[in-house]
Amino acid sequence: MFGTDAVHGVNNVPAAILYPHNLGLGAAFDPALTREVALATAQDMRALNMGWTFAPVADVGRDPRWGRFYETFGESPWLVADQVGAAVDGLQAGGVAATLKHFTGYGLPSLGLDRANAEISARALHEVVLPPFRAGIRAGALSVMANSGSVNGVPVHASRALLTDLLRGELGFGGLLVSDWNDIERLITTYRTHTDLVRAAAASVNAGIDVYMVPNSVEAYQNALREAVQSGLVSEARLAEATLRVLTFKARLGLLDAPLTGSGVLGDHRDLAKRAAAATLTLLENPADTLPIRKGRVLVTGPAMDSAAIQLGGWSVNWQGVGKGNVPDVPKVATLAPALKASAPAGVTVSALPETKRPQLLTAAKGADVIVVAVGEAPGAEWQANNPALSLPDGQITLLRDLLATGTPVVAVLMAGRPLILPADMQSRLSGLVMAYLPGTQGGAALADALYGRAGFPGRLPFTWPDSLTQVGLWSDRPAEGAGETPLPLYPLGYGLDYTTSVARDLTVTPAPDGMTAQATLTNTGEKAGTVTVLLRASLPASGALQATSRPVGVLRAVLKPGESRAVQVTVSRERLSSWVGDAYGPGAWQLLPGAYTLIAGDGKATLTLP
């Protein structure tokens, strides 16, 4: 059995179609699309005789400084849970074993640094961290990967409380548990919690690890495990248990009957990749209706205007992204500048100049009617992608300032795996700001359609966008501070503009066997067709502990023609309305509290009292 990180398509294969990273799919708020992308990925994997992917990431993205933020589906636990369940379903419908990672707490690293220790209370563990993993397990995920980091000072790879008591006991997972890369050895070298490989191997296997992923020295690990068994540190019963899980895992994939016999032919999924990229695009600013571009001279520039590396991000051909390491292959990618040129409507002329030719660029900028500048982060993964300042490179800030100084309207397209903080004076002077996330192979083509108005901007932010570094940690479900102050972010979770306008009204809530059903009327009040996406939030009764002002519990979504209205409903399960009740220390438990539950969707508001 070969496992691989196929996290946005079969991303280690240069010829494969790559899709938006998870953060972009989270912005689409469309689990059916996520399932479709996962299924196409699985089909390509099976064609190449790969049956096991280390995906999806089920961590919540709570700190945008973290280098793996873009691998998450966003910040809101229950909305992420919907995406994770859909990804597992799509992958395994295609005959590939899904892996929930990284169990658990990996998405809450201290200081936003990859693999840093996470301090997590029992309440935060249950209300924030576990819902996406629970959803993936219910969807039938065949494997789980352990968190490379530590929780409350204990490396997860040595934590029986997390890997056995919690994962297998409380959550009921019965599949295969795999380590992350070489992480048993890190118990000695990085965390220094164990003195030698014998004790480290024993601790990890006894904690619940069934398979050690790629130890740097296989022989050393085998010898250490043998010694651990012979000395009584690991029982033969535990080895038999792990072996049975491996064999069961293979049996569920049919490998005990016959090997994989893939065709070797990758599917042509370009249409799906473009549709997925289009669904993610989020318009943040358009104060003077500069967009859509319908006529005039367009100047395109910026480091991301024709860069496969920036557009695809990390985990693309190479672990750190295209052009990194010793992998020279660059996949075929529809980038922004060529797409704007090739598909310009009548009356629009497009020219492109690199930012390195600054004198010629500024001269051309003064003669243009609009400048489209594509900026973004260099590709990276894990700790190499940490961004402690949440900033663009200094050279790109200078480029934006130079272009704004010409007086020509500037539309910035941001290709990045997180919210980035622009200087306030610069942000207020932009004529347009588009968040494109890391949109994949067809991202440039999808962007061209949106900028020209052939398509809209259906994406909505799957995270809270801070207006400064001091607001990191200001999540949509954060309780009011002790003084009652609730700072306002630059953009809230669910924010996004479009070429049309919409409203949600007439929210009603009725009891249902597993919770309650909410229904609202969504109306497209503008003159263009568009996707109306409204987050459903719930305010819960007092529980004896701090409660979020409102908790996102679902999504109401519809594609509507101009003037069209549609009633949309969603069922909110009891667990999404439940609270983890308990004191600061000591036991806790899920409870559906009696009292008034107020649900809000757009302009609609309704209250239901539960006994």
# chains A, B, ... in the order shown; residues from 1 in each chain; ligands from 1
$ select_by_dssp --residues "stretch 106-253 of chain A" --states "strand (DSSP E or B)" --output "PyMOL selection string"
chain A and resi 118+143-146+150-151+154-155+176-178+211
$ residues_around --residues "stretch 321-324 of chain A" --least-positions-apart "4" --cutoff "12 Å" --atoms "only C-alpha atoms" --output "PyMOL selection string"
chain A and resi 11-14+307-317+328-333+377-382+384-385+438+440
$ select_by_dssp --residues "stretch 31-63 of chain A" --states "helix (DSSP H, G or I)" --output "NGL selection string"
:A and (31-47)
$ residues_around --residues "A:Leu536" --least-positions-apart "4" --cutoff "9 Å" --atoms "only C-alpha atoms" --output "list of chain:residue names"
A:Ala518, A:Arg551, A:Pro552, A:Val553, A:Gly554, A:Val555, A:Leu556, A:Val570, A:Leu599, A:Ile600, A:Ala601, A:Gly602
$ closest_residue --among "A:Ala93, A:Val246, A:Leu171, A:Leu25" --to "A:Thr72" --atoms "only C-alpha atoms"
A:Leu25
$ closest_residue --among "A:Ala368, A:Glu75, A:Asp114, A:Gly175" --to "A:Pro492" --atoms "only C-alpha atoms"
A:Glu75
$ residues_around --residues "A:Gly112" --least-positions-apart "6" --cutoff "9 Å" --atoms "only C-alpha atoms" --output "number ranges by chain"
A: 62-67, 386-388
$ closest_residue --among "A:Leu281, A:Ala445, A:Gly407, A:Leu260" --to "A:Pro338" --atoms "only C-alpha atoms"
A:Ala445
$ atom_distance --atom1 "atom CA of A:Tyr212" --atom2 "atom CA of A:Ser179"
5.2 Å
$ closest_residue --among "A:Leu390, A:Val411, A:Ser565, A:Pro287" --to "A:Gly302" --atoms "only C-alpha atoms"
A:Val411
$ residues_around --residues "A:Leu187" --least-positions-apart "6" --cutoff "8 Å" --atoms "only C-alpha atoms" --output "ChimeraX atom specification"
/A:155,157-158,193-194,200
$ write_last_selection --atoms "C-alpha atoms" --output "short mmCIF file (atom, residue, chain, number, x, y, z; two decimals), in the first residue's frame"
data_model
loop_
_atom_site.label_atom_id
_atom_site.label_comp_id
_atom_site.auth_asym_id
_atom_site.auth_seq_id
_atom_site.Cartn_x
_atom_site.Cartn_y
_atom_site.Cartn_z
CA PRO A 155 3.81 15.04 22.42
CA HIS A 157 2.68 10.62 19.42
CA ALA A 158 3.20 9.51 23.02
CA THR A 193 10.74 13.42 26.31
CA HIS A 194 12.32 10.00 25.80
CA ALA A 200 10.21 6.20 22.21
#
$ closest_residue --among "A:Leu353, A:Ala364, A:Ala416, A:Val37" --to "A:Arg68" --atoms "only C-alpha atoms"
A:Ala416
$ residues_around --residues "A:Ala32" --least-positions-apart "2" --cutoff "12 Å" --atoms "only C-alpha atoms" --output "CSV table (one decimal) with all heavy atoms, in the first residue's frame"
chain,number,residue,atom,x,y,z
A,25,LEU,N,-11.7,26.1,-0.9
A,25,LEU,CA,-13.0,25.3,-1.0
A,25,LEU,C,-13.8,25.7,0.2
A,25,LEU,O,-15.1,25.7,0.1
A,25,LEU,CB,-12.6,23.8,-1.0
A,25,LEU,CG,-12.0,23.3,-2.2
A,25,LEU,CD1,-11.7,21.8,-2.0
A,25,LEU,CD2,-12.9,23.5,-3.4
A,26,GLY,N,-13.2,26.0,1.4
A,26,GLY,CA,-14.0,26.5,2.5
A,26,GLY,C,-14.8,27.7,2.2
A,26,GLY,O,-15.9,27.9,2.7
A,28,ALA,N,-16.1,28.5,-0.6
A,28,ALA,CA,-17.2,28.2,-1.5
A,28,ALA,C,-18.4,27.8,-0.6
A,28,ALA,O,-19.6,27.8,-1.1
A,28,ALA,CB,-16.9,27.1,-2.5
A,29,PHE,N,-18.2,27.3,0.6
A,29,PHE,CA,-19.3,26.8,1.5
A,29,PHE,C,-20.2,25.9,0.8
A,29,PHE,O,-21.4,25.9,0.9
A,29,PHE,CB,-20.1,28.0,2.0
A,29,PHE,CG,-19.3,28.8,3.1
A,29,PHE,CD1,-18.7,30.0,2.7
A,29,PHE,CD2,-19.2,28.4,4.4
A,29,PHE,CE1,-18.0,30.8,3.6
A,29,PHE,CE2,-18.5,29.1,5.3
A,29,PHE,CZ,-17.9,30.3,4.9
A,30,ASP,N,-19.6,25.0,0.0
A,30,ASP,CA,-20.4,24.0,-0.8
A,30,ASP,C,-19.8,22.6,-0.7
A,30,ASP,O,-18.9,22.2,-1.5
A,30,ASP,CB,-20.3,24.5,-2.3
A,30,ASP,CG,-21.2,23.6,-3.2
A,30,ASP,OD1,-21.8,22.7,-2.7
A,30,ASP,OD2,-21.2,23.9,-4.4
A,34,THR,N,-16.8,20.1,-2.7
A,34,THR,CA,-15.7,19.5,-2.1
A,34,THR,C,-15.7,18.0,-2.3
A,34,THR,O,-14.6,17.4,-2.6
A,34,THR,CB,-15.7,19.8,-0.6
A,34,THR,OG1,-15.5,21.2,-0.4
A,34,THR,CG2,-14.6,19.1,0.1
A,35,ARG,N,-16.8,17.4,-2.2
A,35,ARG,CA,-16.9,15.9,-2.5
A,35,ARG,C,-16.5,15.6,-4.0
A,35,ARG,O,-15.8,14.6,-4.2
A,35,ARG,CB,-18.3,15.4,-2.3
A,35,ARG,CG,-18.5,13.9,-2.4
A,35,ARG,CD,-19.9,13.5,-2.4
A,35,ARG,NE,-20.0,12.0,-2.4
A,35,ARG,CZ,-19.9,11.2,-3.5
A,35,ARG,NH1,-19.7,11.8,-4.7
A,35,ARG,NH2,-20.0,9.9,-3.4
A,36,GLU,N,-17.0,16.5,-4.9
A,36,GLU,CA,-16.7,16.3,-6.3
A,36,GLU,C,-15.2,16.3,-6.6
A,36,GLU,O,-14.6,15.5,-7.3
A,36,GLU,CB,-17.4,17.3,-7.1
A,36,GLU,CG,-17.6,17.0,-8.6
A,36,GLU,CD,-18.5,18.0,-9.3
A,36,GLU,OE1,-19.1,18.8,-8.7
A,36,GLU,OE2,-18.5,17.9,-10.6
A,37,VAL,N,-14.5,17.3,-6.0
A,37,VAL,CA,-13.1,17.5,-6.1
A,37,VAL,C,-12.4,16.2,-5.5
A,37,VAL,O,-11.4,15.7,-6.1
A,37,VAL,CB,-12.6,18.8,-5.4
A,37,VAL,CG1,-11.1,18.8,-5.3
A,37,VAL,CG2,-13.1,20.0,-6.2
A,38,ALA,N,-12.8,15.8,-4.3
A,38,ALA,CA,-12.2,14.6,-3.7
A,38,ALA,C,-12.4,13.4,-4.5
A,38,ALA,O,-11.4,12.6,-4.7
A,38,ALA,CB,-12.8,14.4,-2.3
A,39,LEU,N,-13.5,13.2,-5.1
A,39,LEU,CA,-13.8,12.0,-6.0
A,39,LEU,C,-12.9,12.1,-7.2
A,39,LEU,O,-12.3,11.0,-7.6
A,39,LEU,CB,-15.2,12.0,-6.4
A,39,LEU,CG,-15.7,10.9,-7.4
A,39,LEU,CD1,-15.4,9.5,-6.7
A,39,LEU,CD2,-17.1,11.0,-7.8
A,82,ASP,N,-18.6,20.0,8.0
A,82,ASP,CA,-19.4,19.6,6.8
A,82,ASP,C,-18.4,19.4,5.7
A,82,ASP,O,-18.6,18.4,4.9
A,82,ASP,CB,-20.3,20.8,6.5
A,82,ASP,CG,-21.5,20.9,7.5
A,82,ASP,OD1,-21.8,19.9,8.1
A,82,ASP,OD2,-22.0,22.0,7.6
A,83,GLN,N,-17.4,20.2,5.5
A,83,GLN,CA,-16.4,20.0,4.4
A,83,GLN,C,-15.6,18.7,4.6
A,83,GLN,O,-15.3,18.0,3.6
A,83,GLN,CB,-15.5,21.2,4.4
A,83,GLN,CG,-16.2,22.5,4.1
A,83,GLN,CD,-16.5,22.7,2.7
A,83,GLN,OE1,-16.3,21.9,1.8
A,83,GLN,NE2,-17.1,23.9,2.4
A,84,VAL,N,-15.2,18.4,5.8
A,84,VAL,CA,-14.4,17.2,6.1
A,84,VAL,C,-15.2,16.0,5.8
A,84,VAL,O,-14.7,15.0,5.1
A,84,VAL,CB,-13.9,17.2,7.5
A,84,VAL,CG1,-13.3,15.8,7.9
A,84,VAL,CG2,-12.8,18.3,7.7
A,85,GLY,N,-16.4,15.9,6.2
A,85,GLY,CA,-17.3,14.8,5.9
A,85,GLY,C,-17.4,14.6,4.4
A,85,GLY,O,-17.4,13.4,3.9
A,86,ALA,N,-17.6,15.7,3.7
A,86,ALA,CA,-17.8,15.6,2.2
A,86,ALA,C,-16.5,15.1,1.6
A,86,ALA,O,-16.5,14.3,0.6
A,86,ALA,CB,-18.2,16.9,1.7
A,87,ALA,N,-15.3,15.5,2.0
A,87,ALA,CA,-14.1,15.1,1.4
A,87,ALA,C,-13.8,13.6,1.7
A,87,ALA,O,-13.4,12.9,0.7
A,87,ALA,CB,-12.9,15.9,2.0
A,88,VAL,N,-14.1,13.2,2.9
A,88,VAL,CA,-13.9,11.7,3.1
A,88,VAL,C,-14.9,10.9,2.3
A,88,VAL,O,-14.4,9.9,1.7
A,88,VAL,CB,-14.2,11.4,4.6
A,88,VAL,CG1,-14.3,9.9,4.9
A,88,VAL,CG2,-13.1,12.1,5.5
A,89,ASP,N,-16.1,11.3,2.1
A,89,ASP,CA,-17.1,10.6,1.3
A,89,ASP,C,-16.6,10.5,-0.1
A,89,ASP,O,-16.7,9.5,-0.8
A,89,ASP,CB,-18.4,11.3,1.4
A,89,ASP,CG,-19.5,10.5,0.8
A,89,ASP,OD1,-19.6,9.3,1.0
A,89,ASP,OD2,-20.4,11.1,0.1
A,90,GLY,N,-16.1,11.6,-0.7
A,90,GLY,CA,-15.7,11.6,-2.1
A,90,GLY,C,-14.5,10.8,-2.3
A,90,GLY,O,-14.4,10.0,-3.3
A,276,ALA,N,-14.3,24.9,-9.6
A,276,ALA,CA,-14.0,25.0,-8.2
A,276,ALA,C,-13.3,26.3,-7.9
A,276,ALA,O,-13.6,26.9,-6.9
A,276,ALA,CB,-13.1,23.8,-7.8
A,279,ALA,N,-15.7,29.2,-7.7
A,279,ALA,CA,-16.6,29.2,-6.6
A,279,ALA,C,-15.9,29.7,-5.3
A,279,ALA,O,-16.6,30.1,-4.4
A,279,ALA,CB,-17.1,27.7,-6.3
A,557,ARG,N,-27.8,28.5,1.3
A,557,ARG,CA,-27.1,28.9,0.0
A,557,ARG,C,-28.0,28.6,-1.1
A,557,ARG,O,-28.7,27.5,-1.2
A,557,ARG,CB,-25.8,28.1,-0.1
A,557,ARG,CG,-24.9,28.4,-1.3
A,557,ARG,CD,-23.6,27.6,-1.2
A,557,ARG,NE,-22.8,27.8,-2.3
A,557,ARG,CZ,-22.9,27.2,-3.5
A,557,ARG,NH1,-23.8,26.3,-3.6
A,557,ARG,NH2,-22.1,27.5,-4.5
$ closest_residue --among "A:Gly515, A:Ala558, A:Gly367, A:Ala596" --to "A:Pro611" --atoms "only C-alpha atoms"
A:Ala596
$ residues_around --residues "A:Val350" --least-positions-apart "4" --cutoff "6 Å" --atoms "only C-alpha atoms" --output "list in words"
Val298, Leu299 and Lys341 of chain A
$ write_last_selection --atoms "N, CA and C atoms" --output "PDB file, in the first residue's frame"
ATOM      1  N   VAL A 298      -6.240  47.887 -20.033  1.00  0.00           N
ATOM      2  CA  VAL A 298      -5.935  47.176 -18.791  1.00  0.00           C
ATOM      3  C   VAL A 298      -4.450  46.850 -18.769  1.00  0.00           C
ATOM      4  N   LEU A 299      -3.789  47.205 -17.677  1.00  0.00           N
ATOM      5  CA  LEU A 299      -2.387  46.847 -17.467  1.00  0.00           C
ATOM      6  C   LEU A 299      -2.325  45.798 -16.368  1.00  0.00           C
ATOM      7  N   LYS A 341      -5.606  38.363 -21.294  1.00  0.00           N
ATOM      8  CA  LYS A 341      -5.343  38.713 -22.694  1.00  0.00           C
ATOM      9  C   LYS A 341      -6.203  37.877 -23.637  1.00  0.00           C
TER      10      LYS A 341
END
$ atom_distance --atom1 "atom CA of A:Thr406" --atom2 "atom CA of A:Ala365"
6.7 Å
$ atom_distance --atom1 "atom CA of A:His8" --atom2 "atom CA of A:His21"
5.6 Å
$ decode --residues "stretch 90-116 of chain A" --atoms "N, CA, C and O atoms" --output "CSV table (one decimal), in the first residue's frame"
chain,number,residue,atom,x,y,z
A,90,GLY,N,-16.1,11.6,-0.7
A,90,GLY,CA,-15.7,11.6,-2.1
A,90,GLY,C,-14.5,10.8,-2.3
A,90,GLY,O,-14.4,10.0,-3.3
A,91,LEU,N,-13.5,10.9,-1.4
A,91,LEU,CA,-12.3,10.1,-1.6
A,91,LEU,C,-12.6,8.6,-1.6
A,91,LEU,O,-12.1,7.8,-2.4
A,92,GLN,N,-13.4,8.2,-0.6
A,92,GLN,CA,-13.6,6.8,-0.4
A,92,GLN,C,-14.6,6.2,-1.4
A,92,GLN,O,-14.6,5.0,-1.7
A,93,ALA,N,-15.5,7.1,-1.9
A,93,ALA,CA,-16.3,6.6,-3.0
A,93,ALA,C,-15.5,6.3,-4.3
A,93,ALA,O,-15.9,5.5,-5.1
A,94,GLY,N,-14.3,7.0,-4.4
A,94,GLY,CA,-13.4,6.7,-5.5
A,94,GLY,C,-12.4,5.6,-5.2
A,94,GLY,O,-11.5,5.4,-6.0
A,95,GLY,N,-12.6,4.9,-4.1
A,95,GLY,CA,-11.7,3.7,-3.8
A,95,GLY,C,-10.4,4.1,-3.2
A,95,GLY,O,-9.5,3.2,-3.2
A,96,VAL,N,-10.3,5.2,-2.5
A,96,VAL,CA,-9.1,5.6,-1.9
A,96,VAL,C,-9.3,5.8,-0.4
A,96,VAL,O,-10.4,6.4,0.0
A,97,ALA,N,-8.5,5.3,0.4
A,97,ALA,CA,-8.6,5.5,1.9
A,97,ALA,C,-8.3,7.0,2.3
A,97,ALA,O,-7.2,7.5,1.9
A,98,ALA,N,-9.2,7.6,3.0
A,98,ALA,CA,-9.0,8.9,3.5
A,98,ALA,C,-8.3,8.9,4.8
A,98,ALA,O,-8.4,7.9,5.6
A,99,THR,N,-7.5,10.0,5.1
A,99,THR,CA,-6.8,10.1,6.4
A,99,THR,C,-7.2,11.4,7.1
A,99,THR,O,-6.9,12.4,6.5
A,100,LEU,N,-7.8,11.3,8.2
A,100,LEU,CA,-8.1,12.6,9.0
A,100,LEU,C,-6.8,13.0,9.7
A,100,LEU,O,-6.2,12.2,10.4
A,101,LYS,N,-6.4,14.2,9.4
A,101,LYS,CA,-5.2,14.7,10.1
A,101,LYS,C,-5.4,16.2,10.5
A,101,LYS,O,-6.2,16.9,9.9
A,102,HIS,N,-4.7,16.6,11.6
A,102,HIS,CA,-3.7,15.8,12.4
A,102,HIS,C,-4.3,15.7,13.8
A,102,HIS,O,-4.5,16.7,14.4
A,103,PHE,N,-4.6,14.5,14.2
A,103,PHE,CA,-5.3,14.3,15.5
A,103,PHE,C,-4.3,14.4,16.7
A,103,PHE,O,-3.4,13.7,16.8
A,104,THR,N,-4.5,15.4,17.5
A,104,THR,CA,-5.5,16.5,17.4
A,104,THR,C,-4.9,17.7,18.0
A,104,THR,O,-3.9,17.6,18.8
A,105,GLY,N,-5.5,18.9,17.8
A,105,GLY,CA,-5.0,20.2,18.3
A,105,GLY,C,-3.9,20.8,17.5
A,105,GLY,O,-3.4,21.8,17.9
A,106,TYR,N,-3.6,20.3,16.3
A,106,TYR,CA,-2.5,20.8,15.5
A,106,TYR,C,-2.8,22.2,15.0
A,106,TYR,O,-1.9,23.0,14.8
A,107,GLY,N,-4.1,22.6,14.9
A,107,GLY,CA,-4.5,23.8,14.3
A,107,GLY,C,-4.5,25.0,15.3
A,107,GLY,O,-4.9,26.1,15.0
A,108,LEU,N,-4.0,24.7,16.6
A,108,LEU,CA,-4.0,25.8,17.6
A,108,LEU,C,-2.6,25.9,18.1
A,108,LEU,O,-2.3,25.8,19.3
A,109,PRO,N,-1.6,26.2,17.3
A,109,PRO,CA,-0.2,26.2,17.8
A,109,PRO,C,0.1,27.6,18.5
A,109,PRO,O,-0.4,28.6,18.1
A,110,SER,N,0.9,27.5,19.5
A,110,SER,CA,1.3,28.7,20.2
A,110,SER,C,2.1,29.6,19.2
A,110,SER,O,2.9,29.2,18.4
A,111,LEU,N,1.8,30.9,19.3
A,111,LEU,CA,2.4,32.0,18.5
A,111,LEU,C,2.3,31.7,17.0
A,111,LEU,O,3.0,32.4,16.2
A,112,GLY,N,1.4,30.8,16.6
A,112,GLY,CA,1.2,30.6,15.1
A,112,GLY,C,2.4,29.8,14.5
A,112,GLY,O,2.5,29.8,13.3
A,113,LEU,N,3.2,29.2,15.3
A,113,LEU,CA,4.4,28.5,14.8
A,113,LEU,C,4.1,27.0,14.6
A,113,LEU,O,3.5,26.3,15.5
A,114,ASP,N,4.4,26.5,13.4
A,114,ASP,CA,4.1,25.1,13.1
A,114,ASP,C,4.7,24.1,14.1
A,114,ASP,O,5.9,24.3,14.5
A,115,ARG,N,3.9,23.2,14.6
A,115,ARG,CA,4.3,22.1,15.5
A,115,ARG,C,4.6,22.7,16.9
A,115,ARG,O,5.2,22.0,17.8
A,116,ALA,N,4.2,23.9,17.2
A,116,ALA,CA,4.3,24.4,18.6
A,116,ALA,C,3.3,23.8,19.5
A,116,ALA,O,2.3,23.2,19.1
